[in-house]
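Colleague: Okay, so here is my_file_5.csv, and as you'll see once you scroll down, it has CSV, C-alpha atoms and all ligand atoms.
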chain,number,residue,atom,x,y,z
A,666,MET,CA,108.9,-46.5,-128.9
A,667,LYS,CA,110.1,-49.4,-131.0
A,668,ALA,CA,108.0,-51.8,-128.9
A,669,SER,CA,104.9,-49.6,-129.2
A,670,GLY,CA,105.4,-48.9,-133.0
A,671,GLU,CA,105.7,-45.1,-132.5
A,672,LYS,CA,108.2,-43.8,-135.1
A,673,ILE,CA,111.2,-41.9,-133.8
A,674,THR,CA,112.0,-38.5,-135.4
A,675,TRP,CA,115.6,-37.4,-135.8
A,676,ILE,CA,117.2,-34.4,-137.5
A,677,THR,CA,120.7,-32.9,-137.7
A,678,ALA,CA,121.6,-29.5,-136.2
A,679,TYR,CA,125.0,-27.8,-135.8
A,680,ASP,CA,124.2,-24.6,-133.9
A,681,ALA,CA,121.9,-23.3,-131.1
A,682,PRO,CA,119.2,-21.7,-133.2
A,683,PHE,CA,118.4,-24.7,-135.4
A,684,ALA,CA,118.7,-27.0,-132.3
A,685,ALA,CA,116.1,-24.8,-130.6
A,686,PHE,CA,113.8,-25.0,-133.7
A,687,ALA,CA,114.1,-28.8,-133.6
A,688,GLU,CA,113.2,-28.9,-129.9
A,689,GLN,CA,110.3,-26.5,-130.3
A,690,ALA,CA,108.9,-28.8,-133.1
A,691,GLY,CA,109.1,-31.8,-130.8
A,692,ILE,CA,111.7,-33.7,-132.7
A,693,GLU,CA,112.9,-36.5,-130.4
A,694,MET,CA,116.6,-36.6,-131.3
A,695,ILE,CA,119.2,-34.3,-132.8
A,696,LEU,CA,122.4,-35.5,-134.6
A,697,VAL,CA,125.3,-33.2,-134.6
A,698,GLY,CA,126.5,-34.9,-137.8
A,699,ASP,CA,130.0,-34.6,-139.3
A,700,SER,CA,127.9,-33.4,-142.3
A,701,LEU,CA,128.5,-30.1,-140.5
A,702,GLY,CA,131.8,-30.1,-142.5
A,703,MET,CA,129.9,-29.7,-145.8
A,704,VAL,CA,126.7,-28.0,-144.7
A,705,ASP,CA,128.2,-25.5,-142.2
A,706,MET,CA,131.9,-25.2,-142.8
A,707,GLY,CA,132.1,-25.2,-146.6
A,708,TYR,CA,134.3,-28.3,-147.1
A,709,ASP,CA,133.5,-30.6,-150.0
A,710,SER,CA,133.5,-33.7,-147.8
A,711,THR,CA,133.3,-34.7,-144.2
A,712,ILE,CA,136.9,-35.9,-144.0
A,713,PRO,CA,138.5,-32.6,-142.7
A,714,VAL,CA,136.2,-32.3,-139.7
A,715,THR,CA,138.1,-32.5,-136.4
A,716,MET,CA,137.1,-33.6,-132.9
A,717,ASP,CA,137.4,-29.9,-131.8
A,718,ASP,CA,135.0,-28.9,-134.6
A,719,CYS,CA,132.5,-31.5,-133.4
A,720,ILE,CA,132.8,-30.7,-129.7
A,721,SER,CA,132.3,-27.0,-130.3
A,722,HIS,CA,129.1,-27.6,-132.4
A,723,CYS,CA,127.8,-30.1,-129.9
A,724,GLN,CA,128.1,-27.5,-127.2
A,725,SER,CA,126.1,-25.0,-129.3
A,726,VAL,CA,123.4,-27.6,-130.0
A,727,ARG,CA,123.2,-28.5,-126.3
A,728,ARG,CA,122.7,-24.8,-125.4
A,729,GLY,CA,120.0,-24.5,-128.0
A,730,ALA,CA,118.2,-27.8,-127.1
A,731,PRO,CA,118.7,-28.5,-123.4
A,732,ASP,CA,115.9,-31.1,-123.2
A,733,THR,CA,116.5,-33.1,-126.4
A,734,PHE,CA,118.4,-36.4,-126.8
A,735,ILE,CA,121.6,-35.4,-128.7
A,736,VAL,CA,123.8,-37.7,-130.6
A,737,GLY,CA,127.4,-36.7,-131.4
A,738,ASP,CA,128.9,-38.0,-134.6
A,739,MET,CA,132.5,-39.2,-134.4
A,740,PRO,CA,134.5,-37.6,-137.2
A,741,PHE,CA,136.9,-39.5,-139.5
A,742,GLY,CA,140.1,-40.4,-137.7
A,743,SER,CA,138.6,-40.2,-134.2
A,744,TYR,CA,137.8,-43.9,-133.8
A,745,GLN,CA,139.7,-45.9,-136.5
A,746,ILE,CA,143.1,-45.8,-134.9
A,747,SER,CA,142.5,-47.9,-131.8
A,748,CYS,CA,139.8,-48.8,-129.3
A,749,GLU,CA,141.5,-46.7,-126.6
A,750,ASN,CA,141.6,-43.7,-128.9
A,751,ALA,CA,137.9,-44.3,-129.8
A,752,VAL,CA,136.9,-44.4,-126.1
A,753,ALA,CA,138.9,-41.3,-125.3
A,754,ASN,CA,137.2,-39.3,-128.0
A,755,ALA,CA,133.8,-40.7,-127.2
A,756,VAL,CA,134.4,-39.6,-123.6
A,757,ARG,CA,135.1,-36.1,-124.9
A,758,PHE,CA,131.8,-36.0,-126.7
A,759,LEU,CA,130.0,-36.6,-123.4
A,760,LYS,CA,132.1,-34.6,-121.0
A,761,GLU,CA,132.8,-31.6,-123.2
A,762,GLY,CA,130.1,-31.8,-125.8
A,763,GLY,CA,127.2,-32.6,-123.5
A,764,VAL,CA,125.7,-35.2,-125.8
A,765,ASP,CA,123.7,-38.3,-124.7
A,766,ALA,CA,125.2,-40.8,-127.2
A,767,ILE,CA,127.7,-41.1,-130.0
A,768,LYS,CA,127.4,-42.4,-133.5
A,769,LEU,CA,130.2,-44.0,-135.5
A,770,GLU,CA,130.3,-45.3,-139.1
A,771,GLY,CA,130.9,-48.9,-139.9
A,772,GLY,CA,129.8,-52.5,-139.3
A,773,LYS,CA,131.9,-55.5,-138.6
A,774,SER,CA,135.1,-53.5,-138.9
A,775,VAL,CA,134.3,-51.3,-135.9
A,776,THR,CA,132.7,-53.8,-133.5
A,777,GLY,CA,135.8,-53.6,-131.2
A,778,GLN,CA,135.3,-49.8,-130.9
A,779,ILE,CA,131.6,-50.2,-130.3
A,780,ARG,CA,132.1,-52.7,-127.5
A,781,ALA,CA,134.9,-50.6,-125.9
A,782,ILE,CA,132.8,-47.4,-126.0
A,783,ARG,CA,129.8,-49.3,-124.7
A,784,ASP,CA,131.9,-50.8,-121.9
A,785,ALA,CA,133.0,-47.3,-120.9
A,786,GLY,CA,129.3,-46.6,-120.2
A,787,ILE,CA,128.5,-44.6,-123.3
A,788,LEU,CA,125.4,-45.2,-125.6
A,789,VAL,CA,126.5,-46.0,-129.1
A,790,CYS,CA,124.6,-45.7,-132.4
A,791,GLY,CA,125.9,-47.8,-135.3
A,792,HIS,CA,125.8,-46.5,-138.9
A,793,ILE,CA,125.8,-48.9,-141.8
A,794,GLY,CA,125.0,-49.0,-145.5
A,795,LEU,CA,126.3,-45.9,-147.2
A,796,THR,CA,129.0,-44.6,-144.8
A,797,PRO,CA,130.2,-41.3,-146.3
A,798,GLN,CA,133.5,-41.3,-144.4
A,799,SER,CA,134.5,-44.4,-146.4
A,800,SER,CA,133.0,-43.4,-149.7
A,801,GLY,CA,136.4,-43.8,-151.3
A,802,VAL,CA,136.4,-47.5,-150.5
A,803,LEU,CA,132.7,-47.8,-151.5
A,804,GLY,CA,133.4,-46.3,-154.9
A,805,GLY,CA,131.6,-43.1,-154.2
A,806,HIS,CA,128.4,-42.0,-152.4
A,807,LYS,CA,126.5,-45.1,-153.7
A,808,ALA,CA,123.4,-46.9,-152.3
A,809,GLN,CA,124.4,-50.2,-150.7
A,810,GLY,CA,122.6,-53.6,-150.4
A,811,ARG,CA,121.1,-53.5,-153.8
A,812,THR,CA,122.4,-57.0,-154.8
A,813,VAL,CA,122.0,-60.1,-152.8
A,814,GLU,CA,125.7,-60.2,-152.0
A,815,SER,CA,125.7,-56.6,-150.9
A,816,ALA,CA,122.5,-57.0,-148.9
A,817,ARG,CA,124.1,-59.9,-147.1
A,818,ALA,CA,127.1,-57.7,-146.1
A,819,VAL,CA,124.7,-55.0,-144.8
A,820,ILE,CA,122.7,-57.6,-142.8
A,821,GLU,CA,125.9,-59.1,-141.4
A,822,ASP,CA,127.0,-55.5,-140.4
A,823,ALA,CA,123.7,-54.9,-138.7
A,824,LEU,CA,123.9,-58.1,-136.7
A,825,ALA,CA,127.5,-57.5,-135.7
A,826,VAL,CA,126.8,-53.9,-134.6
A,827,GLU,CA,123.9,-55.0,-132.3
A,828,LYS,CA,125.9,-57.9,-130.9
A,829,ALA,CA,128.8,-55.5,-130.1
A,830,GLY,CA,126.5,-53.4,-127.9
A,831,ALA,CA,125.1,-50.6,-130.0
A,832,SER,CA,121.8,-49.2,-128.6
A,833,PHE,CA,120.4,-48.1,-131.9
A,834,LEU,CA,121.3,-48.3,-135.6
A,835,LEU,CA,121.2,-45.9,-138.5
A,836,VAL,CA,120.9,-47.5,-142.0
A,837,GLU,CA,121.8,-45.2,-144.9
A,838,ALA,CA,120.8,-45.5,-148.6
A,839,VAL,CA,119.8,-49.2,-148.5
A,840,PRO,CA,116.7,-50.6,-150.3
A,841,PRO,CA,113.6,-50.5,-148.1
A,842,GLU,CA,113.1,-54.3,-148.3
A,843,VAL,CA,116.6,-54.9,-146.7
A,844,THR,CA,116.0,-52.2,-144.0
A,845,ALA,CA,112.6,-53.7,-143.1
A,846,PHE,CA,114.2,-57.1,-142.7
A,847,ILE,CA,116.9,-55.6,-140.5
A,848,ALA,CA,114.4,-53.7,-138.4
A,849,GLN,CA,112.3,-56.7,-137.6
A,850,LYS,CA,115.4,-58.9,-137.0
A,851,LEU,CA,117.1,-56.5,-134.5
A,852,ALA,CA,115.9,-55.8,-131.0
A,853,ILE,CA,117.4,-52.3,-131.0
A,854,PRO,CA,115.7,-49.4,-132.8
A,855,VAL,CA,116.7,-49.1,-136.5
A,856,LEU,CA,116.4,-45.7,-138.1
A,857,SER,CA,116.7,-44.8,-141.8
A,858,ILE,CA,118.2,-42.1,-143.8
A,859,GLY,CA,117.4,-42.9,-147.4
A,860,ALA,CA,116.5,-46.5,-146.5
A,861,GLY,CA,112.7,-46.5,-146.6
A,862,ARG,CA,110.1,-46.2,-143.9
A,863,GLU,CA,109.6,-49.8,-142.8
A,864,CYS,CA,111.8,-49.3,-139.7
A,865,ASP,CA,111.6,-47.5,-136.3
A,866,GLY,CA,112.3,-43.9,-137.3
A,867,GLN,CA,113.8,-41.4,-139.7
A,868,LEU,CA,116.8,-39.1,-139.8
A,869,THR,CA,117.1,-36.1,-142.2
A,870,ILE,CA,119.7,-33.4,-142.7
A,871,PHE,CA,118.1,-30.2,-141.7
A,872,ALA,CA,119.7,-28.0,-144.4
A,873,ASP,CA,118.5,-30.3,-147.2
A,874,THR,CA,115.0,-30.5,-145.7
A,875,ILE,CA,114.4,-26.8,-145.5
A,876,GLY,CA,116.3,-25.8,-148.7
A,877,LEU,CA,119.4,-24.2,-147.1
A,878,PHE,CA,122.1,-26.4,-148.7
A,879,GLN,CA,122.4,-25.4,-152.3
A,880,ALA,CA,125.3,-27.6,-153.7
A,881,PHE,CA,123.1,-30.7,-154.2
A,882,THR,CA,120.1,-32.5,-152.8
A,883,PRO,CA,120.2,-36.3,-152.3
A,884,LYS,CA,117.4,-38.4,-153.9
A,885,PHE,CA,116.1,-39.4,-150.4
A,886,ILE,CA,115.5,-35.8,-149.2
A,887,LYS,CA,111.9,-34.4,-149.0
A,888,LYS,CA,112.1,-30.6,-149.0
A,889,TYR,CA,109.5,-29.1,-146.7
A,890,CYS,CA,110.4,-25.6,-147.6
A,891,ASP,CA,112.9,-23.7,-149.7
A,892,LEU,CA,114.6,-21.1,-147.5
A,893,ALA,CA,117.7,-20.2,-149.6
A,894,PRO,CA,115.8,-18.0,-152.1
A,895,VAL,CA,113.8,-16.4,-149.3
A,896,ILE,CA,117.0,-15.4,-147.5
A,897,VAL,CA,118.7,-14.1,-150.7
A,898,ASP,CA,115.6,-12.0,-151.5
A,899,ALA,CA,115.7,-10.6,-147.9
A,900,TYR,CA,119.4,-9.7,-148.2
A,901,LYS,CA,118.8,-8.1,-151.6
A,902,GLN,CA,116.1,-5.9,-150.0
A,903,TYR,CA,118.5,-5.0,-147.2
A,904,VAL,CA,121.1,-3.9,-149.7
A,905,LYS,CA,118.5,-1.9,-151.7
A,906,ASP,CA,117.2,-0.2,-148.5
A,907,ILE,CA,120.7,0.9,-147.4
A,908,LYS,CA,121.6,2.2,-150.9
A,909,GLU,CA,118.3,4.2,-151.0
A,910,GLY,CA,118.6,5.5,-147.5
A,911,LEU,CA,115.5,3.7,-146.3
A,912,PHE,CA,117.3,1.8,-143.5
A,913,PRO,CA,117.6,2.4,-140.6
A,914,GLY,CA,114.2,4.1,-140.2
A,915,GLU,CA,113.0,6.3,-137.3
A,916,GLU,CA,111.8,3.1,-135.5
A,917,HIS,CA,115.3,1.6,-135.5
A,918,VAL,CA,117.3,4.3,-133.7
A,919,TYR,CA,117.9,5.5,-130.1
A,920,HIS,CA,117.2,9.2,-129.6
A,921,VAL,CA,119.0,11.4,-127.1
A,922,ILE,CA,117.5,11.7,-123.7
A,923,GLY,CA,116.1,15.2,-123.0
A,924,ASP,CA,116.7,18.4,-125.0
A,925,ILE,CA,119.1,18.3,-128.1
A,926,GLY,CA,120.5,21.8,-127.1
A,927,PRO,CA,123.3,20.5,-124.7
A,928,PHE,CA,124.3,17.9,-127.3
A,929,ARG,CA,124.7,20.7,-129.9
A,930,GLU,CA,127.0,22.5,-127.4
A,931,LEU,CA,129.0,19.3,-127.0
A,932,PHE,CA,129.4,18.9,-130.7
A,933,LYS,CA,130.6,22.5,-131.0
A,934,GLU,CA,133.4,21.7,-128.6
A,935,TYR,CA,134.9,19.5,-131.2
A,936,GLU,CA,134.5,21.8,-134.2
B,1001,LIG,O1,126.8,-36.5,-140.5
B,1001,LIG,C1,125.6,-36.8,-140.8
B,1001,LIG,O2,124.8,-35.9,-140.8
B,1001,LIG,C2,125.4,-38.2,-141.0
B,1001,LIG,C3,124.2,-38.5,-141.9
B,1001,LIG,C4,124.6,-38.3,-143.3
B,1001,LIG,C5,123.7,-39.8,-141.6
B,1001,LIG,O3,126.1,-39.0,-140.6
Starting from the file, give its structure as C-alpha cells.
Modeller:
Amino acid sequence: MKASGEKITWITAYDAPFAAFAEQAGIEMILVGDSLGMVDMGYDSTIPVTMDDCISHCQSVRRGAPDTFIVGDMPFGSYQISCENAVANAVRFLKEGGVDAIKLEGGKSVTGQIRAIRDAGILVCGHIGLTPQSSGVLGGHKAQGRTVESARAVIEDALAVEKAGASFLLVEAVPPEVTAFIAQKLAIPVLSIGAGRECDGQLTIFADTIGLFQAFTPKFIKKYCDLAPVIVDAYKQYVKDIKEGLFPGEEHVYHVIGDIGPFRELFKEYE
C-alpha cells in the first residue's frame, strides 16, 4: 500500500463489538492499545495496564474481528526490563492474544528489543514522537519534534527503529513537515496519530473519534459522531419507562404455553 500510495487505515478497539464494527467498516488494522487503561478501565494513565489485561482484550478483539490485521500494544514494564523479557511477552501476544504484530514505544532506546522480537519471527511496529508511557520523562503529553534539535531526535529514532527491523512505524504528535520527511526517507510504512497526513496512513482512538471518551479530547482528534449524549439520553428514557411502568411491554415478554388455568392451580398450591 505504501508503494501504491494507498493510505492505510487503523483504529483502536478493546472489545469484540467495536472490533466487529471496525472490520465491517473495512478498516485495515486494529490496535489493541494500552490506551485501554484510560478509555476502558478507568485509570488516569496507561501505566497500570498489565500483560494479562492486554492479552484478555486482544482475545476479545480477535473474536470480534477474525479477518483484520491486529496489533497488540506492549504495556509499560513488559519490554523495558530486558530483551529476553520483551521477547517472552511479545510471544504471549501472538500465542495467547492472537495478534498479527506488536507495537512498542521508543526509538533508539529500544532497538535491542525490536531486533530481538523481530529475530523471534514477530512483526514489530515502532512508536516514536510523543510516547505516552514515558510522558514523565518528556515533561508531560507534549508534541515532539517542534524544534530543530527535537526534530533531529525524532528522525534519529525513526532511522534506528527501521534499522533494528521494525516493519512499520507510528509517529505521534509530531509536526507534519517532520513526519513527511520521515515517511519519504523510510522504506517501511509510516503512520500518523496527530502527526499530519503526509505519510502512509492514520491511526485514531475509537472512543475519541465517536465521542465515547468524555474526560478530554486531544487536538488531533476529528470527532465523526458524538455518542455519549445519545447513550445517556437512551439510559434516561430506560429509567423513565421503568419508573412509569412502560417497560417491559407486551412485546417483550414470554407468555405461558396453552391455557392459563393449570398455572393458576399451580400458584394455588403455594398459597
Ligand atoms: O495505546 C494506544 O492507543 C496508543 C496510541 C495513543 C498511539 O498507543
Colleague: Could you list, as a PyMOL selection string, all protein and nucleic acid residues with an atom at most 8 Å from ligand LIG 1001 (chain B), counting all atoms listed in the file?
Modeller: chain A and resi 677+696-701+711+738+768+770+792+796-797+835+837+858+868-870
Colleague: Taking all atoms listed in the file into account, which of A:Glu909, A:Asp865, A:Glu761, A:Asp784 comes nearest A:Lys667?
Modeller: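 Of all the options, A:Asp865 lies closest to A:Lys667.
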Colleague: One number please: atom CA of A:His722 to atom CA of A:Phe741, in Å, one decimal.
Modeller: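 It comes out at 15.9 Å.
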Colleague: Which residue gives the smallest distance to A:Gly830 among A:Arg780, A:Lys807, A:Lys888, A:Arg862, with all atoms listed in the file counted?
Modeller: A:Arg780
Colleague: Would you mind reading off the distance between atom CA of A:Gly742 and atom CA of A:Pro840, one decimal, in Å?
Modeller: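 The value is 28.5 Å.
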Colleague: Taking all atoms listed in the file into account, name the residue in A:Tyr744, A:Trp675, A:Phe734, A:Phe846 that is nearest to A:Gly777.
Modeller: A:Tyr744
Colleague: Please report the interatomic distance between atom CA of A:Asn750 and atom CA of A:Phe833 in Å with one decimal.
Modeller: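 These atoms are spaced 21.9 Å apart.
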Colleague: Using all atoms listed in the file, can you list as a PyMOL selection string the residues within 12 Å of (125.5, -52.3, -151.5)?
Modeller: chain A and resi 793-796+800+802-820+822+836-840+843+860
Colleague: Counting only C-alpha atoms, which residue out of A:Ile673, A:Cys790, A:Ile720, A:Ala751 sits closest to A:Gln867?
Modeller: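 Of the candidates, the smallest distance to A:Gln867 is held by A:Ile673.
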Colleague: Rank A:Leu877, A:Cys719, A:Val904, A:Ala730 by their smallest atom-to-atom distance to A:Tyr889, using only C-alpha atoms, and report the top residue only.
Modeller: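 Among A:Leu877, A:Cys719, A:Val904, A:Ala730, it is A:Leu877 that comes nearest to A:Tyr889.
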